[in-house]
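In what follows, a structure is listed as structure tokens, so that the remarks can point back to it.
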Amino acid sequence: MDSFTVSALKYRPQKFEEVVGQFHVTSTLINAIKTNQLAQALLFCGPRGVGKTSCARILAKQINENDNSTLDENFSYNIFELDAASNNSVEDIRKLNEQIRIPPQIGKFKVYIIDEVHMLSLSAFNAFLKTLEEPPKHVIFILATTEKNKIIPTILSRCQIYDFKRIDVSEIKESLVNICKLKKLNYENDALILISQKADGSMRDALSIFDRMVSFTSGIISLSEVSKNLNILNHESFFNMCYLIKENKIPNLLIEINKIINLGYEPINILNGLSNHIRMLILSKDDKTSDIIVYGKETQLKYHEQSKEFEIKWLINSLLIIKEAEISNKSSLNKRLNSELCIMQLASLHLNGEKKNL
């Protein structure tokens, strides 16, 4: 059996142009290289899986390339990656300070990529200060961290800081579409959007979930199968629930909740999903905000049609009731009853509104 390469490694960016969702960072780095204005100490901050280490590796390679470089020339001897989580003592930093004195054999620069730099001890940070402020001309430091607030101010003041952002759902989804086309996989747009939302802005997490879905669905990535595997209720459940709420059919709502819970979903997941659904209905009320919805055209049309059934005031009041139920859920002994009571209140809210109007 051939060895399997996970998508996060297989499709890792090799050029700045391939990095997803960080144009503000990559464009700045490209211009800094072109104009020869690259700082010798860089700090890459941001959430996990958004491209910090990938950008550091690309940068380390590009600053050593020149017009005379051959395609097979190996610059890996110039790039040193250190994990600050396991090399966080003063002794480790002293060894690093000794190594940087030796100039590179190939290329112009020795590049030190220090990952999770916030894990360095205070004494290690202090030992690193002088080197970071006045490094040798042939050395560039790239520090990467997910927790910028844990780095001492004296280190921050010596670095040029680049803030990486969470990647938009639409950008992650487009990347997954391209991979599906390369692999010749069948997919539904809403299924890829669901994977992108579950990744929470991390491209690495999205690719890990994607690999799992490809295995689970045997190469046919459908919304129903992805929802089942990720333990997320599909849209149809909430569309149906909202219609039952509007018609004040409390017995039917209780039966629907019972079916969902019997499928293995937690009661709080029903409230979370319903609040997100109502948010989508609010966005669908106006053409200006409807563009925020990233689902496929068919799903967007369903949201638009159902949004006509509810007044904006009712939708906002519903979100407030769900929010209170989510807060009380933590201290509630009967979490199922807490969720059922919330949804019964929503059905009564619509009925009470009609009575007041009469």
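By order of appearance in the structure tokens: chains A, B, ..., then residues from 1 within every chain, and ligands from 1 in the order shown.
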
Spatial neighbours of segment 239-247 of chain A, 8 Å, only C-alpha atoms, chain gap at least 6 places, as a VMD selection string: chain A and resid 253 256 306 310 343 to 344 346 to 347 350 to 351

Please produce a file of the residues just selected, as a CSV table (one decimal), in the first residue's frame, where the atoms kept are C-alpha atoms.
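In the end it all went to out.csv:
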```csv
chain,number,residue,atom,x,y,z
A,253,LEU,CA,-41.8,20.9,17.8
A,256,GLU,CA,-38.9,17.1,16.2
A,306,GLN,CA,-38.5,32.1,4.9
A,310,PHE,CA,-41.1,36.7,10.1
A,343,ILE,CA,-38.3,26.7,21.7
A,344,MET,CA,-41.8,26.7,23.3
A,346,LEU,CA,-40.3,31.1,20.7
A,347,ALA,CA,-43.6,29.6,19.4
A,350,HIS,CA,-45.1,34.7,17.7
A,351,LEU,CA,-48.6,33.9,19.0
```

For the strand (DSSP E) assignment from backbone DSSP, which residues of segment 119-197 of chain A qualify? Please present them as a PDB file with N, CA and C atoms, in the first residue's frame.
```pdb
ATOM      1  N   VAL A 139      22.259  37.076   9.085  1.00  0.00           N
ATOM      2  CA  VAL A 139      21.230  36.336   9.834  1.00  0.00           C
ATOM      3  C   VAL A 139      19.904  37.077   9.820  1.00  0.00           C
ATOM      4  N   ILE A 140      18.823  36.309   9.618  1.00  0.00           N
ATOM      5  CA  ILE A 140      17.458  36.843   9.738  1.00  0.00           C
ATOM      6  C   ILE A 140      16.666  35.926  10.672  1.00  0.00           C
ATOM      7  N   PHE A 141      15.996  36.524  11.634  1.00  0.00           N
ATOM      8  CA  PHE A 141      15.152  35.775  12.559  1.00  0.00           C
ATOM      9  C   PHE A 141      13.685  35.948  12.173  1.00  0.00           C
ATOM     10  N   ILE A 142      12.953  34.811  12.102  1.00  0.00           N
ATOM     11  CA  ILE A 142      11.508  34.856  11.904  1.00  0.00           C
ATOM     12  C   ILE A 142      10.870  34.136  13.095  1.00  0.00           C
ATOM     13  N   LEU A 143      10.216  34.893  13.932  1.00  0.00           N
ATOM     14  CA  LEU A 143       9.546  34.338  15.112  1.00  0.00           C
ATOM     15  C   LEU A 143       8.062  34.162  14.794  1.00  0.00           C
ATOM     16  N   ALA A 144       7.499  33.048  15.212  1.00  0.00           N
ATOM     17  CA  ALA A 144       6.079  32.780  14.962  1.00  0.00           C
ATOM     18  C   ALA A 144       5.385  32.456  16.281  1.00  0.00           C
ATOM     19  N   THR A 145       4.180  32.977  16.456  1.00  0.00           N
ATOM     20  CA  THR A 145       3.442  32.732  17.699  1.00  0.00           C
ATOM     21  C   THR A 145       1.939  32.835  17.485  1.00  0.00           C
ATOM     22  N   GLN A 160       9.800  43.441  13.533  1.00  0.00           N
ATOM     23  CA  GLN A 160       8.806  43.979  12.602  1.00  0.00           C
ATOM     24  C   GLN A 160       7.626  42.995  12.641  1.00  0.00           C
ATOM     25  N   ILE A 161       6.466  43.480  13.077  1.00  0.00           N
ATOM     26  CA  ILE A 161       5.345  42.586  13.390  1.00  0.00           C
ATOM     27  C   ILE A 161       4.390  42.467  12.203  1.00  0.00           C
ATOM     28  N   TYR A 162       4.025  41.216  11.875  1.00  0.00           N
ATOM     29  CA  TYR A 162       3.049  40.917  10.824  1.00  0.00           C
ATOM     30  C   TYR A 162       1.895  40.142  11.463  1.00  0.00           C
ATOM     31  N   ASP A 163       0.695  40.702  11.386  1.00  0.00           N
ATOM     32  CA  ASP A 163      -0.482  40.058  11.978  1.00  0.00           C
ATOM     33  C   ASP A 163      -1.244  39.279  10.916  1.00  0.00           C
ATOM     34  N   ASN A 186     -16.475  14.391  -6.659  1.00  0.00           N
ATOM     35  CA  ASN A 186     -17.807  14.981  -6.725  1.00  0.00           C
ATOM     36  C   ASN A 186     -18.101  15.675  -5.397  1.00  0.00           C
ATOM     37  N   TYR A 187     -18.681  16.860  -5.456  1.00  0.00           N
ATOM     38  CA  TYR A 187     -18.922  17.609  -4.223  1.00  0.00           C
ATOM     39  C   TYR A 187     -20.143  18.511  -4.369  1.00  0.00           C
TER      40      TYR A 187
END
```

Which of segment 28-94 of chain A counts as helix (DSSP H, G or I) under DSSP, as a list in words please?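 Going through segment 28-94 of chain A, the helix (DSSP H, G or I) residues come out as Thr28, Leu29, Ile30, Asn31, Ala32, Ile33, Lys34, Lys52, Thr53, Ser54, Cys55, Ala56, Arg57, Ile58, Leu59, Ala60, Lys61, Gln62, Ser76, Tyr77, Asn78, Val90, Glu91, Asp92, Ile93 and Arg94 of chain A.
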
So which residues touch segment 259-263 of chain A within 10 Å, counting only C-alpha atoms, skipping near sequence neighbours fewer than 2 positions away, as a CSV table (one decimal) with N, CA and C atoms, in the first residue's frame?
```csv
chain,number,residue,atom,x,y,z
A,228,LYS,N,-23.6,14.7,8.9
A,228,LYS,CA,-23.7,13.6,9.8
A,228,LYS,C,-22.4,13.3,10.4
A,231,ASN,N,-21.4,16.0,13.0
A,231,ASN,CA,-22.4,16.1,14.0
A,231,ASN,C,-23.0,17.5,14.0
A,233,LEU,N,-26.4,19.7,12.5
A,233,LEU,CA,-27.7,19.5,12.0
A,233,LEU,C,-27.8,20.3,10.6
A,237,SER,N,-33.6,20.9,8.9
A,237,SER,CA,-34.2,20.7,10.2
A,237,SER,C,-34.6,22.0,10.8
A,253,LEU,N,-43.2,20.4,17.5
A,253,LEU,CA,-41.8,20.9,17.8
A,253,LEU,C,-41.1,19.9,18.8
A,254,LEU,N,-41.9,19.5,19.8
A,254,LEU,CA,-41.3,18.6,20.8
A,254,LEU,C,-41.0,17.2,20.2
A,255,ILE,N,-41.8,16.8,19.2
A,255,ILE,CA,-41.5,15.5,18.5
A,255,ILE,C,-40.2,15.7,17.7
A,256,GLU,N,-40.1,16.9,17.0
A,256,GLU,CA,-38.9,17.1,16.2
A,256,GLU,C,-37.7,17.2,17.0
A,257,ILE,N,-37.7,17.8,18.2
A,257,ILE,CA,-36.6,17.9,19.1
A,257,ILE,C,-36.2,16.5,19.6
A,265,TYR,N,-27.6,14.2,18.9
A,265,TYR,CA,-27.2,15.6,19.1
A,265,TYR,C,-27.5,16.1,20.5
A,266,GLU,N,-26.7,17.0,21.0
A,266,GLU,CA,-26.9,17.6,22.3
A,266,GLU,C,-28.0,18.7,22.2
A,267,PRO,N,-28.8,18.8,23.3
A,267,PRO,CA,-29.8,19.9,23.2
A,267,PRO,C,-29.3,21.3,22.9
A,269,ASN,N,-26.8,22.0,21.1
A,269,ASN,CA,-26.5,22.1,19.6
A,269,ASN,C,-27.7,22.6,18.8
A,270,ILE,N,-28.9,22.2,19.3
A,270,ILE,CA,-30.1,22.7,18.7
A,270,ILE,C,-30.3,24.2,18.8
A,336,ARG,N,-32.1,19.3,28.5
A,336,ARG,CA,-33.1,19.0,27.5
A,336,ARG,C,-34.3,19.9,27.7
```

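Going from atom CA of Ile322 of chain A to atom CA of Cys342 of chain A covers 6.5 Å.
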
For Ser196 of chain A, the closest of A:Ala84, A:Tyr295, A:Met280, A:Arg158 counting only C-alpha atoms is A:Tyr295

Need the shell around Ala127 of chain A: protein/DNA/RNA residues with any atom at most 10 Å away, counting only C-alpha atoms. Skip same-chain ones fewer than 4 positions apart. Format as a list in words?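 With the cut-off at 10 Å, the set is Ser89, Val90, Glu91, Asp92, Ile93, Arg94, Asn97, Ser121, Leu122, Ser123, Thr131 and Leu132 of chain A.
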
Taking a cut-off of 12 Å and counting only C-alpha atoms, can you build a table that, for each residue of segment 161-199 of chain A near segment 32-56 of chain A, reports the nearest atom pair and how far apart they are in Å (one decimal), sorted by chain then residue number, as JSON lines?
```
{"residue": "A:Ile161", "atom": "CA", "partner": "A:Leu43", "partner_atom": "CA", "distance": 4.7}
{"residue": "A:Tyr162", "atom": "CA", "partner": "A:Phe44", "partner_atom": "CA", "distance": 5.0}
{"residue": "A:Asp163", "atom": "CA", "partner": "A:Cys45", "partner_atom": "CA", "distance": 4.9}
{"residue": "A:Phe164", "atom": "CA", "partner": "A:Gly46", "partner_atom": "CA", "distance": 4.7}
{"residue": "A:Lys165", "atom": "CA", "partner": "A:Gly46", "partner_atom": "CA", "distance": 6.0}
{"residue": "A:Arg166", "atom": "CA", "partner": "A:Val50", "partner_atom": "CA", "distance": 6.5}
{"residue": "A:Ile167", "atom": "CA", "partner": "A:Val50", "partner_atom": "CA", "distance": 6.7}
{"residue": "A:Asp168", "atom": "CA", "partner": "A:Val50", "partner_atom": "CA", "distance": 10.5}
{"residue": "A:Glu171", "atom": "CA", "partner": "A:Val50", "partner_atom": "CA", "distance": 11.7}
{"residue": "A:Ile172", "atom": "CA", "partner": "A:Val50", "partner_atom": "CA", "distance": 10.4}
{"residue": "A:Ala199", "atom": "CA", "partner": "A:Gly49", "partner_atom": "CA", "distance": 9.5}
```

Next, dump the selected residues to file, keeping only N, CA and C atoms, as an mmCIF file, in the first residue's frame.
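Listing of selection35.cif after writing:
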```
data_model
loop_
_atom_site.group_PDB
_atom_site.id
_atom_site.type_symbol
_atom_site.label_atom_id
_atom_site.label_comp_id
_atom_site.auth_asym_id
_atom_site.auth_seq_id
_atom_site.Cartn_x
_atom_site.Cartn_y
_atom_site.Cartn_z
ATOM 1 N N ILE A 161 6.466 43.480 13.077
ATOM 2 C CA ILE A 161 5.345 42.586 13.390
ATOM 3 C C ILE A 161 4.390 42.467 12.203
ATOM 4 N N TYR A 162 4.025 41.216 11.875
ATOM 5 C CA TYR A 162 3.049 40.917 10.824
ATOM 6 C C TYR A 162 1.895 40.142 11.463
ATOM 7 N N ASP A 163 0.695 40.702 11.386
ATOM 8 C CA ASP A 163 -0.482 40.058 11.978
ATOM 9 C C ASP A 163 -1.244 39.279 10.916
ATOM 10 N N PHE A 164 -1.303 37.964 11.095
ATOM 11 C CA PHE A 164 -2.064 37.088 10.194
ATOM 12 C C PHE A 164 -3.504 37.008 10.698
ATOM 13 N N LYS A 165 -4.447 37.012 9.779
ATOM 14 C CA LYS A 165 -5.864 36.980 10.165
ATOM 15 C C LYS A 165 -6.485 35.608 9.912
ATOM 16 N N ARG A 166 -7.628 35.388 10.524
ATOM 17 C CA ARG A 166 -8.389 34.172 10.225
ATOM 18 C C ARG A 166 -8.819 34.223 8.758
ATOM 19 N N ILE A 167 -8.810 33.082 8.102
ATOM 20 C CA ILE A 167 -9.136 33.036 6.673
ATOM 21 C C ILE A 167 -10.655 32.987 6.501
ATOM 22 N N ASP A 168 -11.160 33.788 5.565
ATOM 23 C CA ASP A 168 -12.605 33.830 5.316
ATOM 24 C C ASP A 168 -13.123 32.483 4.834
ATOM 25 N N GLU A 171 -12.903 32.022 1.070
ATOM 26 C CA GLU A 171 -11.556 31.744 0.559
ATOM 27 C C GLU A 171 -11.156 30.292 0.813
ATOM 28 N N ILE A 172 -11.505 29.773 1.987
ATOM 29 C CA ILE A 172 -11.230 28.359 2.280
ATOM 30 C C ILE A 172 -12.021 27.473 1.332
ATOM 31 N N ALA A 199 -13.902 24.779 10.196
ATOM 32 C CA ALA A 199 -12.457 25.010 10.355
ATOM 33 C C ALA A 199 -12.146 26.254 11.162
#
```

Mind giving me the straight-line distance from atom CA of Arg12 of chain A to atom CA of Ile106 of chain A in Å, one decimal? 24.8 Å

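Going from atom CA of Leu185 of chain A over to atom CA of Ser227 of chain A, you cover 17.9 Å.
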
Pick out the residues sitting within 9 Å of Ile63 of chain A, and hand them over as a CSV table (one decimal) with C-alpha atoms, in the first residue's frame; count only C-alpha atoms, and ignore anything fewer than 4 positions along from it in its own chain.
```
chain,number,residue,atom,x,y,z
A,33,ILE,CA,12.3,41.7,-0.8
A,58,ILE,CA,8.8,30.7,1.5
A,59,LEU,CA,10.5,34.0,2.7
A,107,GLY,CA,23.3,31.9,-0.5
A,108,LYS,CA,23.3,35.2,1.4
A,109,PHE,CA,21.4,34.6,4.6
```

Rows by chain and residue number, segment 129-248 of chain A within 12 Å of segment 6-10 of chain A, shortest pair, only C-alpha atoms, as a Markdown table:
```
| residue | atom | partner | partner_atom | distance |
| --- | --- | --- | --- | --- |
| A:Ser175 | CA | A:Ser7 | CA | 11.4 |
| A:Leu176 | CA | A:Ser7 | CA | 10.2 |
| A:Ile179 | CA | A:Ser7 | CA | 8.9 |
| A:Cys180 | CA | A:Ser7 | CA | 11.2 |
| A:Leu182 | CA | A:Ser7 | CA | 11.8 |
| A:Lys183 | CA | A:Ser7 | CA | 11.0 |
| A:Ser202 | CA | A:Ala8 | CA | 10.9 |
| A:Met203 | CA | A:Ala8 | CA | 8.0 |
| A:Arg204 | CA | A:Ala8 | CA | 5.6 |
| A:Asp205 | CA | A:Ala8 | CA | 8.3 |
| A:Ala206 | CA | A:Ala8 | CA | 8.7 |
| A:Leu207 | CA | A:Ala8 | CA | 5.6 |
| A:Ser208 | CA | A:Ala8 | CA | 6.7 |
| A:Ile209 | CA | A:Ser7 | CA | 9.8 |
| A:Phe210 | CA | A:Ser7 | CA | 8.2 |
| A:Asp211 | CA | A:Ser7 | CA | 6.8 |
| A:Arg212 | CA | A:Val6 | CA | 9.9 |
| A:Val214 | CA | A:Ser7 | CA | 10.9 |
| A:Ser215 | CA | A:Val6 | CA | 11.7 |
```

Which neighbours of Gln300 of chain A fall inside 10 Å, counting only C-alpha atoms, when residues of the same chain fewer than 3 positions from it are skipped, and could you give them as a PDB file with N, CA and C atoms, in the first residue's frame?
```
ATOM      1  N   MET A 280     -29.237  34.110   9.937  1.00  0.00           N
ATOM      2  CA  MET A 280     -29.266  34.074   8.470  1.00  0.00           C
ATOM      3  C   MET A 280     -30.570  34.674   7.927  1.00  0.00           C
ATOM      4  N   LEU A 281     -31.678  34.462   8.641  1.00  0.00           N
ATOM      5  CA  LEU A 281     -32.961  35.041   8.220  1.00  0.00           C
ATOM      6  C   LEU A 281     -32.912  36.566   8.309  1.00  0.00           C
ATOM      7  N   SER A 284     -30.940  37.856   5.445  1.00  0.00           N
ATOM      8  CA  SER A 284     -31.676  37.697   4.184  1.00  0.00           C
ATOM      9  C   SER A 284     -32.757  38.756   3.998  1.00  0.00           C
ATOM     10  N   SER A 290     -27.531  40.360   2.568  1.00  0.00           N
ATOM     11  CA  SER A 290     -27.672  38.988   2.054  1.00  0.00           C
ATOM     12  C   SER A 290     -26.382  38.477   1.430  1.00  0.00           C
ATOM     13  N   ASP A 291     -25.513  39.399   0.993  1.00  0.00           N
ATOM     14  CA  ASP A 291     -24.234  38.989   0.402  1.00  0.00           C
ATOM     15  C   ASP A 291     -23.296  38.359   1.433  1.00  0.00           C
ATOM     16  N   ILE A 293     -24.102  36.026   3.432  1.00  0.00           N
ATOM     17  CA  ILE A 293     -24.398  34.593   3.466  1.00  0.00           C
ATOM     18  C   ILE A 293     -23.556  33.888   2.413  1.00  0.00           C
ATOM     19  N   VAL A 294     -22.801  32.872   2.821  1.00  0.00           N
ATOM     20  CA  VAL A 294     -21.855  32.224   1.910  1.00  0.00           C
ATOM     21  C   VAL A 294     -22.378  30.899   1.355  1.00  0.00           C
ATOM     22  N   TYR A 295     -23.624  30.543   1.656  1.00  0.00           N
ATOM     23  CA  TYR A 295     -24.165  29.281   1.154  1.00  0.00           C
ATOM     24  C   TYR A 295     -24.459  29.380  -0.341  1.00  0.00           C
ATOM     25  N   GLY A 296     -24.785  28.232  -0.936  1.00  0.00           N
ATOM     26  CA  GLY A 296     -25.115  28.180  -2.360  1.00  0.00           C
ATOM     27  C   GLY A 296     -26.388  28.955  -2.673  1.00  0.00           C
ATOM     28  N   LYS A 297     -26.632  29.202  -3.949  1.00  0.00           N
ATOM     29  CA  LYS A 297     -27.771  30.028  -4.377  1.00  0.00           C
ATOM     30  C   LYS A 297     -29.108  29.437  -3.949  1.00  0.00           C
ATOM     31  N   TYR A 303     -33.526  30.810   2.425  1.00  0.00           N
ATOM     32  CA  TYR A 303     -33.460  31.758   3.537  1.00  0.00           C
ATOM     33  C   TYR A 303     -34.254  33.025   3.215  1.00  0.00           C
ATOM     34  N   HIS A 304     -34.117  33.497   1.986  1.00  0.00           N
ATOM     35  CA  HIS A 304     -34.814  34.720   1.566  1.00  0.00           C
ATOM     36  C   HIS A 304     -36.331  34.529   1.631  1.00  0.00           C
ATOM     37  N   GLU A 305     -36.797  33.373   1.180  1.00  0.00           N
ATOM     38  CA  GLU A 305     -38.240  33.094   1.188  1.00  0.00           C
ATOM     39  C   GLU A 305     -38.766  32.981   2.609  1.00  0.00           C
TER      40      GLU A 305
END
```
